[in-house]
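What follows is entry_28.txt (compact mmCIF, C-alpha atoms).
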```txt
# COMPACT_ATOMS: atom_id res chain seq x y z
CA MET A 280 0.00 0.00 0.00
CA ASN A 281 2.85 2.36 0.79
CA ALA A 282 4.14 2.47 -2.75
CA SER A 283 1.08 4.25 -4.08
CA ALA A 284 -0.03 5.68 -0.75
CA SER A 285 -1.82 9.01 -0.83
CA LEU A 286 -1.20 11.82 1.60
CA ILE A 287 -3.02 11.63 4.91
CA ASP A 288 -5.12 14.76 5.34
CA PHE A 289 -5.22 16.21 8.84
CA TRP A 290 -8.04 18.76 9.04
CA PHE A 291 -8.25 20.98 12.10
CA ASP A 292 -9.04 24.40 13.50
CA PHE A 293 -6.32 26.26 15.41
CA ALA A 294 -8.75 26.87 18.29
CA SER A 295 -9.68 23.18 18.63
CA PRO A 296 -8.37 21.56 21.85
CA TYR A 297 -8.69 18.06 20.41
CA GLY A 298 -7.04 19.26 17.19
CA TYR A 299 -4.09 20.47 19.25
CA LEU A 300 -3.85 17.11 21.01
CA MET A 301 -3.88 15.33 17.66
CA SER A 302 -1.16 17.67 16.34
CA GLU A 303 1.10 16.49 19.16
CA LYS A 304 0.56 12.80 18.44
CA ILE A 305 -0.20 12.06 14.81
CA GLU A 306 3.21 12.73 13.25
CA ALA A 307 4.94 9.95 15.17
CA VAL A 308 2.16 7.47 14.35
CA VAL A 309 2.16 8.29 10.67
CA ALA A 310 5.93 8.45 10.33
CA HIS A 311 6.21 5.02 11.93
CA HIS A 312 4.34 3.64 8.93
CA GLY A 313 6.28 5.63 6.35
CA ARG A 314 3.36 7.85 5.47
CA THR A 315 3.09 11.62 5.11
CA ILE A 316 0.54 14.06 6.50
CA ARG A 317 -0.89 17.09 4.79
CA TRP A 318 -1.92 19.65 7.43
CA ARG A 319 -5.17 21.38 6.59
CA PRO A 320 -6.25 24.16 8.97
CA VAL A 321 -9.77 25.46 8.38
CA LEU A 322 -12.32 27.71 10.02
CA LEU A 323 -14.52 25.06 11.59
CA PHE A 324 -17.39 27.46 12.16
CA ALA A 325 -17.49 28.23 8.43
CA VAL A 326 -17.36 24.56 7.47
CA LEU A 327 -20.12 23.64 9.89
CA ARG A 328 -22.29 26.51 8.71
CA ALA A 329 -21.91 25.34 5.12
CA LEU A 330 -22.83 21.80 6.19
CA ASP A 331 -25.86 23.15 8.06
CA LEU A 332 -24.50 21.79 11.35
CA PRO A 333 -24.59 23.54 14.73
CA ALA A 334 -21.47 25.24 16.04
CA PRO A 335 -19.20 23.07 18.17
CA LEU A 336 -19.75 23.36 21.93
CA ASP A 337 -23.10 24.92 21.15
CA PRO A 338 -25.29 23.33 23.83
CA ALA A 339 -23.94 24.36 27.25
CA VAL A 340 -24.28 20.82 28.60
CA LYS A 341 -21.89 19.52 25.96
CA ARG A 342 -19.54 22.48 26.26
CA ASP A 343 -18.97 21.82 29.95
CA TYR A 344 -18.26 18.16 29.26
CA VAL A 345 -16.01 18.75 26.28
CA LEU A 346 -13.82 21.32 28.00
CA SER A 347 -13.39 19.03 30.98
CA ASP A 348 -12.83 16.01 28.74
CA ALA A 349 -10.21 17.85 26.65
CA GLU A 350 -8.22 18.66 29.78
CA ARG A 351 -8.52 15.05 30.94
CA SER A 352 -7.57 13.75 27.49
CA ALA A 353 -4.45 15.93 27.55
CA ARG A 354 -3.44 14.37 30.87
CA HIS A 355 -4.18 10.92 29.50
CA LEU A 356 -2.00 11.59 26.45
CA GLY A 357 0.72 13.32 28.44
CA VAL A 358 0.40 16.58 26.50
CA PRO A 359 0.79 19.98 28.25
CA TYR A 360 -2.53 21.81 28.07
CA ALA A 361 -4.32 24.78 29.55
CA LEU A 362 -7.52 26.26 28.18
CA PRO A 363 -6.73 29.89 27.31
CA ASP A 364 -8.88 32.77 28.52
CA GLY A 365 -11.18 34.04 25.82
CA PHE A 366 -11.42 30.59 24.22
CA PRO A 367 -12.13 30.12 21.36
CA ALA A 368 -9.86 32.61 19.62
CA PRO A 369 -10.52 33.66 16.03
CA THR A 370 -8.25 31.62 13.80
CA GLN A 371 -8.47 33.10 10.33
CA HIS A 372 -5.13 34.91 10.52
CA ALA A 373 -3.30 31.81 11.75
CA ALA A 374 -4.90 29.65 9.05
CA ARG A 375 -4.16 32.16 6.32
CA ALA A 376 -0.55 32.43 7.45
CA PHE A 377 -0.24 28.65 7.35
CA TYR A 378 -1.26 28.48 3.68
CA LEU A 379 0.84 31.51 2.83
CA ILE A 380 3.92 29.78 4.24
CA GLU A 381 2.98 26.41 2.78
CA GLN A 382 3.05 27.76 -0.78
CA SER A 383 6.82 28.04 -0.65
CA ASP A 384 7.82 25.90 2.32
CA PRO A 385 5.50 23.12 3.57
CA VAL A 386 7.94 22.08 6.29
CA ALA A 387 8.07 25.61 7.70
CA ALA A 388 4.26 25.69 7.60
CA VAL A 389 4.11 22.66 9.89
CA HIS A 390 6.62 24.26 12.25
CA PHE A 391 4.43 27.34 12.25
CA ALA A 392 1.33 25.25 12.98
CA HIS A 393 3.03 23.70 16.00
CA ALA A 394 4.08 27.16 17.18
CA VAL A 395 0.50 28.42 16.94
CA TYR A 396 -1.03 25.43 18.70
CA ARG A 397 1.58 25.34 21.46
CA GLY A 398 1.47 29.09 21.89
CA TYR A 399 -2.29 28.94 22.32
CA PHE A 400 -2.78 25.80 24.41
CA GLN A 401 0.43 25.94 26.44
CA ARG A 402 1.05 29.67 26.96
CA ALA A 403 -2.31 31.32 26.17
CA ALA A 404 -0.77 33.40 23.40
CA ASP A 405 -3.25 35.66 21.60
CA ILE A 406 -3.37 33.78 18.31
CA GLY A 407 -6.25 35.97 17.14
CA ASP A 408 -3.82 38.90 16.90
CA PRO A 409 -2.68 39.30 13.27
CA ALA A 410 0.50 41.13 14.31
CA LEU A 411 1.58 38.25 16.51
CA ILE A 412 0.74 35.73 13.79
CA ALA A 413 2.69 37.77 11.23
CA ALA A 414 5.72 37.89 13.52
CA TRP A 415 5.66 34.12 14.02
CA ALA A 416 5.19 33.50 10.31
CA ALA A 417 8.09 35.77 9.43
CA ALA A 418 10.26 33.94 11.93
CA GLU A 419 9.39 30.53 10.45
CA ALA A 420 9.57 31.64 6.81
CA PRO A 421 12.04 34.51 6.36
CA ALA A 422 11.55 34.38 2.60
CA LEU A 423 8.13 35.99 3.10
CA GLY A 424 9.77 39.18 4.35
CA ASP A 425 9.55 40.81 7.75
CA ALA A 426 6.53 40.82 10.02
CA ALA A 427 5.11 43.96 8.42
CA ALA A 428 5.35 42.40 4.97
CA VAL A 429 3.64 39.22 6.19
CA LEU A 430 0.93 41.24 7.92
CA ALA A 431 0.12 42.94 4.63
CA GLN A 432 0.00 39.59 2.83
CA LEU A 433 -2.38 38.15 5.45
CA GLN A 434 -4.95 40.71 4.36
CA SER A 435 -4.44 40.17 0.63
CA ALA A 436 -7.03 38.62 -1.65
CA PRO A 437 -4.73 35.80 -2.84
CA THR A 438 -3.99 34.74 0.74
CA LYS A 439 -7.67 34.86 1.68
CA ALA A 440 -8.41 32.75 -1.40
CA LEU A 441 -6.00 30.05 -0.23
CA LEU A 442 -7.93 29.63 3.02
CA ALA A 443 -11.28 29.90 1.28
CA GLY A 444 -10.20 27.07 -1.00
CA ALA A 445 -9.29 24.91 1.97
CA VAL A 446 -12.64 25.61 3.63
CA ASP A 447 -14.43 24.68 0.41
CA ALA A 448 -12.47 21.46 0.20
CA ALA A 449 -13.37 20.68 3.81
CA VAL A 450 -17.05 21.19 3.04
CA GLN A 451 -16.75 18.90 0.04
CA ARG A 452 -15.07 16.27 2.23
CA ARG A 453 -17.74 16.82 4.93
CA VAL A 454 -15.26 17.68 7.64
CA PHE A 455 -17.79 18.02 10.46
CA GLY A 456 -15.33 18.40 13.34
CA SER A 457 -11.73 18.90 14.43
CA PRO A 458 -9.52 16.95 14.27
CA PHE A 459 -10.68 15.07 11.20
CA VAL A 460 -8.15 12.74 9.57
CA VAL A 461 -8.63 11.07 6.21
CA VAL A 462 -6.52 8.01 5.45
CA ASP A 463 -6.95 6.39 2.04
CA GLY A 464 -10.48 7.73 1.78
CA GLU A 465 -11.48 6.68 5.28
CA ALA A 466 -12.46 9.38 7.77
CA PHE A 467 -11.56 9.48 11.46
CA PHE A 468 -13.06 12.13 13.73
CA GLY A 469 -11.42 12.94 17.04
CA VAL A 470 -8.06 12.44 18.68
CA ASP A 471 -9.56 9.35 20.31
CA ARG A 472 -9.45 7.65 16.92
CA LEU A 473 -5.64 7.64 16.90
CA PRO A 474 -5.47 3.94 17.91
CA GLN A 475 -7.76 3.08 14.98
CA ILE A 476 -5.67 5.15 12.58
CA GLU A 477 -2.61 3.32 13.82
CA ALA A 478 -4.34 -0.04 13.37
CA LEU A 479 -5.39 0.87 9.84
CA LEU A 480 -1.86 1.94 8.91
CA ALA A 481 -0.54 -1.30 10.39
CA GLY A 482 -3.01 -3.31 8.31
CA ALA A 483 -4.70 -4.55 11.48
CA LEU A 484 -8.14 -3.07 10.81
CA ALA A 485 -8.85 -4.72 7.50
CA ALA A 486 -11.24 -7.59 7.97
CA ALA A 487 -14.69 -7.37 9.49
CA PRO A 488 -15.41 -10.41 11.74
CA HIS A 489 -19.13 -9.99 11.04
CA SER A 490 -19.45 -8.25 7.73
CA SER A 491 -22.79 -9.81 6.80
CA LYS A 492 -26.05 -9.55 8.65
CA ALA A 493 -27.26 -12.65 10.41
CA MET B 271 -10.55 4.69 47.31
CA ASN B 272 -12.02 1.21 46.91
CA ALA B 273 -13.15 0.93 50.52
CA SER B 274 -15.73 3.68 50.17
CA ALA B 275 -16.07 3.40 46.41
CA SER B 276 -19.45 4.22 44.93
CA LEU B 277 -21.11 2.24 42.20
CA ILE B 278 -20.07 3.05 38.65
CA ASP B 279 -23.14 4.07 36.65
CA PHE B 280 -23.28 2.81 33.07
CA TRP B 281 -26.01 4.71 31.21
CA PHE B 282 -27.01 3.47 27.79
CA ASP B 283 -29.82 2.92 25.30
CA PHE B 284 -30.45 -0.60 24.03
CA ALA B 285 -30.39 0.68 20.43
CA SER B 286 -27.00 2.38 20.83
CA PRO B 287 -24.18 0.71 18.86
CA TYR B 288 -21.49 2.31 21.02
CA GLY B 289 -23.46 1.37 24.14
CA TYR B 290 -23.42 -2.24 22.98
CA LEU B 291 -19.66 -2.09 22.42
CA MET B 292 -19.19 -0.67 25.91
CA SER B 293 -21.39 -3.42 27.38
CA GLU B 294 -18.97 -6.00 25.98
CA LYS B 295 -15.90 -4.34 27.45
CA ILE B 296 -16.60 -2.44 30.65
CA GLU B 297 -17.23 -5.31 33.05
CA ALA B 298 -13.73 -6.72 32.71
CA VAL B 299 -12.13 -3.30 33.17
CA VAL B 300 -14.19 -2.47 36.23
CA ALA B 301 -13.88 -5.92 37.82
CA HIS B 302 -10.10 -5.74 37.42
CA HIS B 303 -10.15 -2.82 39.85
CA GLY B 304 -12.60 -4.39 42.29
CA ARG B 305 -15.41 -2.02 41.43
CA THR B 306 -19.06 -2.65 40.60
CA ILE B 307 -21.22 -1.30 37.79
CA ARG B 308 -24.84 -0.29 37.98
CA TRP B 309 -26.44 -0.75 34.54
CA ARG B 310 -28.84 2.06 33.67
CA PRO B 311 -30.74 1.66 30.39
CA VAL B 312 -32.69 4.75 29.34
CA LEU B 313 -34.59 6.06 26.35
CA LEU B 314 -31.94 8.34 24.92
CA PHE B 315 -34.41 10.24 22.74
CA ALA B 316 -36.44 11.16 25.84
CA VAL B 317 -33.35 12.26 27.76
CA LEU B 318 -32.08 14.38 24.88
CA ARG B 319 -35.48 15.97 24.40
CA ALA B 320 -35.58 16.92 28.07
CA LEU B 321 -32.08 18.38 27.78
CA ASP B 322 -33.14 20.31 24.66
CA LEU B 323 -30.53 18.49 22.58
CA PRO B 324 -30.99 17.18 19.03
CA ALA B 325 -31.62 13.49 18.47
CA PRO B 326 -28.52 11.36 17.97
CA LEU B 327 -27.57 10.74 14.32
CA ASP B 328 -29.79 13.64 13.41
CA PRO B 329 -27.73 15.33 10.69
CA ALA B 330 -27.27 12.87 7.83
CA VAL B 331 -23.58 13.73 7.49
CA LYS B 332 -22.94 12.59 11.05
CA ARG B 333 -25.21 9.57 10.77
CA ASP B 334 -23.22 8.17 7.86
CA TYR B 335 -19.97 8.66 9.72
CA VAL B 336 -21.22 7.25 13.03
CA LEU B 337 -22.66 4.09 11.51
CA SER B 338 -19.44 3.45 9.64
CA ASP B 339 -17.34 4.34 12.68
CA ALA B 340 -19.37 2.04 14.95
CA GLU B 341 -18.72 -0.89 12.62
CA ARG B 342 -15.02 -0.02 12.48
CA SER B 343 -14.88 0.41 16.26
CA ALA B 344 -16.39 -3.06 16.68
CA ARG B 345 -13.64 -4.51 14.49
CA HIS B 346 -11.04 -2.56 16.43
CA LEU B 347 -12.38 -3.88 19.74
CA GLY B 348 -12.88 -7.39 18.42
CA VAL B 349 -16.61 -7.42 19.13
CA PRO B 350 -19.08 -9.16 16.76
CA TYR B 351 -21.34 -6.51 15.26
CA ALA B 352 -23.87 -6.04 12.48
CA LEU B 353 -26.20 -3.07 12.18
CA PRO B 354 -29.75 -4.49 12.21
CA ASP B 355 -32.30 -3.60 9.58
CA GLY B 356 -34.77 -1.03 10.83
CA PHE B 357 -32.19 0.52 13.15
CA PRO B 358 -32.85 2.12 15.61
CA ALA B 359 -35.40 -0.16 17.26
CA PRO B 360 -37.74 1.19 19.95
CA THR B 361 -36.27 0.24 23.31
CA GLN B 362 -38.89 1.03 25.93
CA HIS B 363 -39.97 -2.58 26.39
CA ALA B 364 -36.41 -3.81 26.81
CA ALA B 365 -35.59 -1.02 29.26
CA ARG B 366 -38.76 -1.59 31.28
CA ALA B 367 -38.05 -5.31 31.44
CA PHE B 368 -34.55 -4.59 32.68
CA TYR B 369 -35.82 -2.58 35.66
CA LEU B 370 -38.59 -5.08 36.32
CA ILE B 371 -36.03 -7.87 36.61
CA GLU B 372 -33.57 -5.71 38.52
CA GLN B 373 -36.04 -5.13 41.35
CA SER B 374 -35.68 -8.72 42.48
CA ASP B 375 -32.51 -9.93 40.76
CA PRO B 376 -29.85 -7.43 39.62
CA VAL B 377 -27.57 -10.18 38.32
CA ALA B 378 -30.33 -11.59 36.12
CA ALA B 379 -31.02 -8.07 34.86
CA VAL B 380 -27.45 -7.79 33.61
CA HIS B 381 -27.72 -11.18 31.92
CA PHE B 382 -30.91 -9.95 30.30
CA ALA B 383 -29.19 -6.74 29.15
CA HIS B 384 -26.45 -8.76 27.47
CA ALA B 385 -29.08 -10.95 25.81
CA VAL B 386 -30.87 -7.92 24.43
CA TYR B 387 -27.74 -6.20 23.17
CA ARG B 388 -26.29 -9.37 21.63
CA GLY B 389 -29.63 -10.34 20.15
CA TYR B 390 -29.91 -6.96 18.50
CA PHE B 391 -26.36 -6.29 17.34
CA GLN B 392 -25.29 -9.86 16.58
CA ARG B 393 -28.46 -11.54 15.30
CA ALA B 394 -30.76 -8.64 14.37
CA ALA B 395 -33.43 -9.82 16.81
CA ASP B 396 -36.53 -7.62 16.93
CA ILE B 397 -35.95 -6.09 20.36
CA GLY B 398 -38.82 -3.68 19.78
CA ASP B 399 -41.25 -6.61 20.03
CA PRO B 400 -42.71 -6.73 23.57
CA ALA B 401 -43.55 -10.44 23.23
CA LEU B 402 -39.94 -11.32 22.45
CA ILE B 403 -38.68 -9.13 25.29
CA ALA B 404 -41.17 -10.74 27.69
CA ALA B 405 -40.02 -14.22 26.67
CA TRP B 406 -36.38 -13.33 27.24
CA ALA B 407 -37.15 -11.68 30.58
CA ALA B 408 -39.13 -14.71 31.75
CA ALA B 409 -36.22 -16.94 30.77
CA GLU B 410 -33.71 -14.86 32.75
CA ALA B 411 -35.99 -14.29 35.77
CA PRO B 412 -38.42 -17.20 36.21
CA ALA B 413 -39.68 -15.64 39.46
CA LEU B 414 -41.52 -13.04 37.36
CA GLY B 415 -43.78 -15.73 35.94
CA ASP B 416 -44.14 -16.90 32.38
CA ALA B 417 -43.81 -14.73 29.28
CA ALA B 418 -47.49 -13.77 29.34
CA ALA B 419 -47.20 -12.62 32.94
CA VAL B 420 -44.11 -10.57 32.14
CA LEU B 421 -45.80 -9.09 29.08
CA ALA B 422 -48.64 -7.85 31.29
CA GLN B 423 -46.18 -6.37 33.78
CA LEU B 424 -44.32 -4.54 31.00
CA GLN B 425 -47.47 -2.51 30.38
CA SER B 426 -48.18 -1.82 34.05
CA ALA B 427 -47.92 1.63 35.60
CA PRO B 428 -45.39 0.56 38.25
CA THR B 429 -43.04 -0.84 35.59
CA LYS B 430 -43.40 2.26 33.46
CA ALA B 431 -42.63 4.35 36.53
CA LEU B 432 -39.35 2.49 37.06
CA LEU B 433 -38.13 3.47 33.61
CA ALA B 434 -39.50 7.00 33.92
CA GLY B 435 -37.52 7.37 37.13
CA ALA B 436 -34.34 6.25 35.38
CA VAL B 437 -34.94 8.70 32.55
CA ASP B 438 -35.47 11.50 35.06
CA ALA B 439 -32.26 10.57 36.84
CA ALA B 440 -30.42 10.60 33.51
CA VAL B 441 -31.73 14.07 32.76
CA GLN B 442 -30.60 15.25 36.20
CA ARG B 443 -27.16 13.75 35.55
CA ARG B 444 -27.13 15.33 32.06
CA VAL B 445 -26.62 12.04 30.25
CA PHE B 446 -26.34 13.49 26.75
CA GLY B 447 -25.30 10.35 24.93
CA SER B 448 -24.83 6.58 25.05
CA PRO B 449 -22.74 5.09 26.53
CA PHE B 450 -22.24 7.50 29.40
CA VAL B 451 -20.27 6.22 32.37
CA VAL B 452 -19.96 8.04 35.68
CA VAL B 453 -17.08 7.07 37.96
CA ASP B 454 -16.84 8.84 41.31
CA GLY B 455 -18.71 11.84 39.96
CA GLU B 456 -16.66 12.04 36.76
CA ALA B 457 -18.46 11.57 33.42
CA PHE B 458 -17.12 9.67 30.41
CA PHE B 459 -19.02 9.74 27.12
CA GLY B 460 -18.34 7.09 24.50
CA VAL B 461 -16.80 3.65 24.34
CA ASP B 462 -13.61 5.39 23.22
CA ARG B 463 -13.21 6.69 26.78
CA LEU B 464 -12.62 3.16 28.12
CA PRO B 465 -8.82 3.68 28.30
CA GLN B 466 -9.38 6.83 30.36
CA ILE B 467 -11.82 5.04 32.67
CA GLU B 468 -9.22 2.34 33.14
CA ALA B 469 -6.54 4.94 33.87
CA LEU B 470 -8.78 6.65 36.41
CA LEU B 471 -9.54 3.38 38.17
CA ALA B 472 -5.83 2.58 38.23
CA GLY B 473 -5.06 5.97 39.77
CA ALA B 474 -3.09 6.96 36.69
CA LEU B 475 -5.21 9.93 35.67
CA ALA B 476 -4.94 11.96 38.87
CA ALA B 477 -2.49 14.77 38.39
CA ALA B 478 -2.67 17.51 35.79
CA PRO B 479 0.77 18.34 34.35
CA HIS B 480 -0.45 21.87 33.55
CA SER B 481 -3.24 22.64 35.96
CA SER B 482 -2.66 26.40 36.04
CA LYS B 483 -2.77 28.84 33.17
CA ALA B 484 0.50 30.30 32.00
```

Entire entry expressed as structure tokens:
Amino acid sequence: MNASASLIDFWFDFASPYGYLMSEKIEAVVAHHGRTIRWRPVLLFAVLRALDLPAPLDPAVKRDYVLSDAERSARHLGVPYALPDGFPAPTQHAARAFYLIEQSDPVAAVHFAHAVYRGYFQRAADIGDPALIAAWAAAEAPALGDAAAVLAQLQSAPTKALLAGAVDAAVQRRVFGSPFVVVDGEAFFGVDRLPQIEALLAGALAAAPHSSKA
Amino acid sequence: MNASASLIDFWFDFASPYGYLMSEKIEAVVAHHGRTIRWRPVLLFAVLRALDLPAPLDPAVKRDYVLSDAERSARHLGVPYALPDGFPAPTQHAARAFYLIEQSDPVAAVHFAHAVYRGYFQRAADIGDPALIAAWAAAEAPALGDAAAVLAQLQSAPTKALLAGAVDAAVQRRVFGSPFVVVDGEAFFGVDRLPQIEALLAGALAAAPHSSKA
């Protein structure tokens, strides 16, 4: 399978706690099986709206559970985590910067993504601030120019179009949550699906013991 | 903790695929740590309505994913599974029978719950049929009388009140999905939380590495 293996798409929103947890774990799992991830930040609210789905954390009863569960999941996975004040931050600048960097340097874009996620969920950095995002992007991808130059590009129509294209693709793929990982056409929603992703990559999730109805 | 340990509540709906998967796995995990489960079947639709939450599987995009994911999760867990035709079946008769049996014989009630879940998700038995449910209940708890006697009791006001009480308790506890397990006041939603339940029972989920905000 590896010879003709497609990229593994990792869809997420930069304000998604479970997306952050996945970002800390998936690379090692995928690399172990010789596969490659394509990071795909989106604006989850926009994708859900297009799919006619409610916003995440919308009912208060689920919000309380999810925020507590995310913190517990971080402990379970051994990942540093603290919910930032003002959660959830707007993520359009971070996502735009990712695609801007990715055009010329996909590796730097992944470094930038880690910086955003860790800044937000480890140090409560204000990732909604375009100036901060521009400074981080300039640091990861000097070819883009200094922070002021990146800040200008974040507001440009071509950069906005890159993110809009990713959101459209997410709607097409029916990405109804974050993280959402697609391996060889098969979708996995949630960081809790990491063991199943690993099993699929290892070829251990192939056969159904009861594939026909009795 | 074990000396004064409370019962572990396992809330579920008899038509819930993930609830079925949990029913096949949780007893061994809990018994390993010397704890005891209290099985609590409910009518999930009624609980969600009372909590002002949408029905499970309501948006088609999520329904398709969940049904596929449930089948995959069964393979991953090594549990026989086939989605029955006509899914989801009405479950009020099965849930009423459970509480009817439990009044006099909690162990038989758990045997009955396994019979219902396995009948439904392994052999596509019609668990919405009160006559079938009555026959199974009579087989598990002969003290209730024959199938005809059980069938009459399933329609009685006292039996209905048992289930209504469980549904009310689930609403109070904000049981927003199935399975929903509560261990020492802490809620776990989904069969995918089994590793975290196990870690909690083993005392390995106690400390938060980052409990304060930076």

One decimal place gives the atom CA of Leu402 of chain B-atom CA of Ala417 of chain B separation as 8.6 Å

With 9 Å as the cut-off and all atoms listed in the file counted, what is the closest atom pair between each nearby residue of chain A and chain B? Distances in Å to one decimal, ordered by chain and number, as CSV.
```
residue,atom,partner,partner_atom,distance
A:Leu330,CA,B:Val331,CA,8.2
A:Asp331,CA,B:Pro329,CA,8.5
A:Leu332,CA,B:Pro329,CA,7.3
A:Pro338,CA,B:Leu323,CA,7.2
A:Val340,CA,B:Arg444,CA,7.1
A:Lys341,CA,B:Phe446,CA,7.5
A:Tyr344,CA,B:Ala457,CA,7.8
A:Asp348,CA,B:Phe458,CA,7.8
A:Glu350,CA,B:Ala478,CA,8.3
A:Arg351,CA,B:Leu475,CA,7.7
A:Ser352,CA,B:Gln466,CA,7.7
A:Ala353,CA,B:Ala478,CA,8.6
A:Arg354,CA,B:Ala478,CA,5.9
A:His355,CA,B:Leu475,CA,6.3
A:Gly357,CA,B:Pro479,CA,7.8
A:Val358,CA,B:Pro479,CA,8.1
A:Pro359,CA,B:His480,CA,5.8
A:Tyr360,CA,B:His480,CA,5.9
A:Ala361,CA,B:Lys483,CA,5.7
A:Leu362,CA,B:Lys483,CA,7.4
A:Pro363,CA,B:Lys483,CA,7.2
A:Asp364,CA,B:Lys483,CA,8.6
A:Gln401,CA,B:Ala484,CA,7.1
A:Arg402,CA,B:Ala484,CA,5.1
A:Ala403,CA,B:Ala484,CA,6.6
A:Arg453,CA,B:Val331,CA,7.1
A:Phe455,CA,B:Lys332,CA,7.5
A:Ala466,CA,B:Tyr335,CA,7.8
A:Phe467,CA,B:Asp339,CA,7.8
A:Phe468,CA,B:Tyr335,CA,8.7
A:Asp471,CA,B:Asp462,CA,6.4
A:Arg472,CA,B:Asp462,CA,7.9
A:Pro474,CA,B:His346,CA,8.7
A:Gln475,CA,B:His346,CA,6.7
A:Ala478,CA,B:His346,CA,7.8
A:Ala483,CA,B:His346,CA,8.3
A:Leu484,CA,B:His346,CA,6.3
A:Ala485,CA,B:Arg345,CA,8.5
A:Ala486,CA,B:Arg345,CA,7.6
A:Ala487,CA,B:Arg345,CA,5.9
A:Pro488,CA,B:Pro350,CA,6.3
A:His489,CA,B:Pro350,CA,5.8
A:Ser490,CA,B:Ala352,CA,6.9
A:Ser491,CA,B:Ala352,CA,6.9
A:Lys492,CA,B:Ala352,CA,5.6
A:Ala493,CA,B:Arg393,CA,5.2
```

Any chance you can output those residues with C-alpha atoms as a PDB file, in the frame of the given file?
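Saved the output as out_33.pdb:
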```
ATOM      1  CA  LEU A 330     -22.830  21.800   6.190  1.00  0.00           C
ATOM      2  CA  ASP A 331     -25.860  23.150   8.060  1.00  0.00           C
ATOM      3  CA  LEU A 332     -24.500  21.790  11.350  1.00  0.00           C
ATOM      4  CA  PRO A 338     -25.290  23.330  23.830  1.00  0.00           C
ATOM      5  CA  VAL A 340     -24.280  20.820  28.600  1.00  0.00           C
ATOM      6  CA  LYS A 341     -21.890  19.520  25.960  1.00  0.00           C
ATOM      7  CA  TYR A 344     -18.260  18.160  29.260  1.00  0.00           C
ATOM      8  CA  ASP A 348     -12.830  16.010  28.740  1.00  0.00           C
ATOM      9  CA  GLU A 350      -8.220  18.660  29.780  1.00  0.00           C
ATOM     10  CA  ARG A 351      -8.520  15.050  30.940  1.00  0.00           C
ATOM     11  CA  SER A 352      -7.570  13.750  27.490  1.00  0.00           C
ATOM     12  CA  ALA A 353      -4.450  15.930  27.550  1.00  0.00           C
ATOM     13  CA  ARG A 354      -3.440  14.370  30.870  1.00  0.00           C
ATOM     14  CA  HIS A 355      -4.180  10.920  29.500  1.00  0.00           C
ATOM     15  CA  GLY A 357       0.720  13.320  28.440  1.00  0.00           C
ATOM     16  CA  VAL A 358       0.400  16.580  26.500  1.00  0.00           C
ATOM     17  CA  PRO A 359       0.790  19.980  28.250  1.00  0.00           C
ATOM     18  CA  TYR A 360      -2.530  21.810  28.070  1.00  0.00           C
ATOM     19  CA  ALA A 361      -4.320  24.780  29.550  1.00  0.00           C
ATOM     20  CA  LEU A 362      -7.520  26.260  28.180  1.00  0.00           C
ATOM     21  CA  PRO A 363      -6.730  29.890  27.310  1.00  0.00           C
ATOM     22  CA  ASP A 364      -8.880  32.770  28.520  1.00  0.00           C
ATOM     23  CA  GLN A 401       0.430  25.940  26.440  1.00  0.00           C
ATOM     24  CA  ARG A 402       1.050  29.670  26.960  1.00  0.00           C
ATOM     25  CA  ALA A 403      -2.310  31.320  26.170  1.00  0.00           C
ATOM     26  CA  ARG A 453     -17.740  16.820   4.930  1.00  0.00           C
ATOM     27  CA  PHE A 455     -17.790  18.020  10.460  1.00  0.00           C
ATOM     28  CA  ALA A 466     -12.460   9.380   7.770  1.00  0.00           C
ATOM     29  CA  PHE A 467     -11.560   9.480  11.460  1.00  0.00           C
ATOM     30  CA  PHE A 468     -13.060  12.130  13.730  1.00  0.00           C
ATOM     31  CA  ASP A 471      -9.560   9.350  20.310  1.00  0.00           C
ATOM     32  CA  ARG A 472      -9.450   7.650  16.920  1.00  0.00           C
ATOM     33  CA  PRO A 474      -5.470   3.940  17.910  1.00  0.00           C
ATOM     34  CA  GLN A 475      -7.760   3.080  14.980  1.00  0.00           C
ATOM     35  CA  ALA A 478      -4.340  -0.040  13.370  1.00  0.00           C
ATOM     36  CA  ALA A 483      -4.700  -4.550  11.480  1.00  0.00           C
ATOM     37  CA  LEU A 484      -8.140  -3.070  10.810  1.00  0.00           C
ATOM     38  CA  ALA A 485      -8.850  -4.720   7.500  1.00  0.00           C
ATOM     39  CA  ALA A 486     -11.240  -7.590   7.970  1.00  0.00           C
ATOM     40  CA  ALA A 487     -14.690  -7.370   9.490  1.00  0.00           C
ATOM     41  CA  PRO A 488     -15.410 -10.410  11.740  1.00  0.00           C
ATOM     42  CA  HIS A 489     -19.130  -9.990  11.040  1.00  0.00           C
ATOM     43  CA  SER A 490     -19.450  -8.250   7.730  1.00  0.00           C
ATOM     44  CA  SER A 491     -22.790  -9.810   6.800  1.00  0.00           C
ATOM     45  CA  LYS A 492     -26.050  -9.550   8.650  1.00  0.00           C
ATOM     46  CA  ALA A 493     -27.260 -12.650  10.410  1.00  0.00           C
TER      47      ALA A 493
END
```

Query - Neighbour residues at most 10 Å from (0.1, 28.9, 4.0) (all atoms listed in the file) as a VMD selection string - result: chain A and resid 319 to 320 373 to 385 387 to 389 391 to 392 416 433 438 441 to 442

How far is it from atom CA of Ser286 of chain B to atom CA of Glu477 of chain A, in Å with one decimal?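 Between atom CA of Ser286 of chain B and atom CA of Glu477 of chain A the gap is 25.4 Å.
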
Pairwise distance, atom CA of Val470 of chain A with atom CA of Trp318 of chain A, equals 14.7 Å

(message) Using only C-alpha atoms - which residues lie no farther than 10 Å from the point (-5.3, 35.4, 16.9) in the file's frame? Write them as a list in words.
(response) Phe293, Ala294, Pro367, Ala368, Pro369, Thr370, Gln371, His372, Ala373, Ala374, Val395, Tyr399, Ala404, Asp405, Ile406, Gly407, Asp408, Pro409, Ala410, Leu411 and Ile412 of chain A
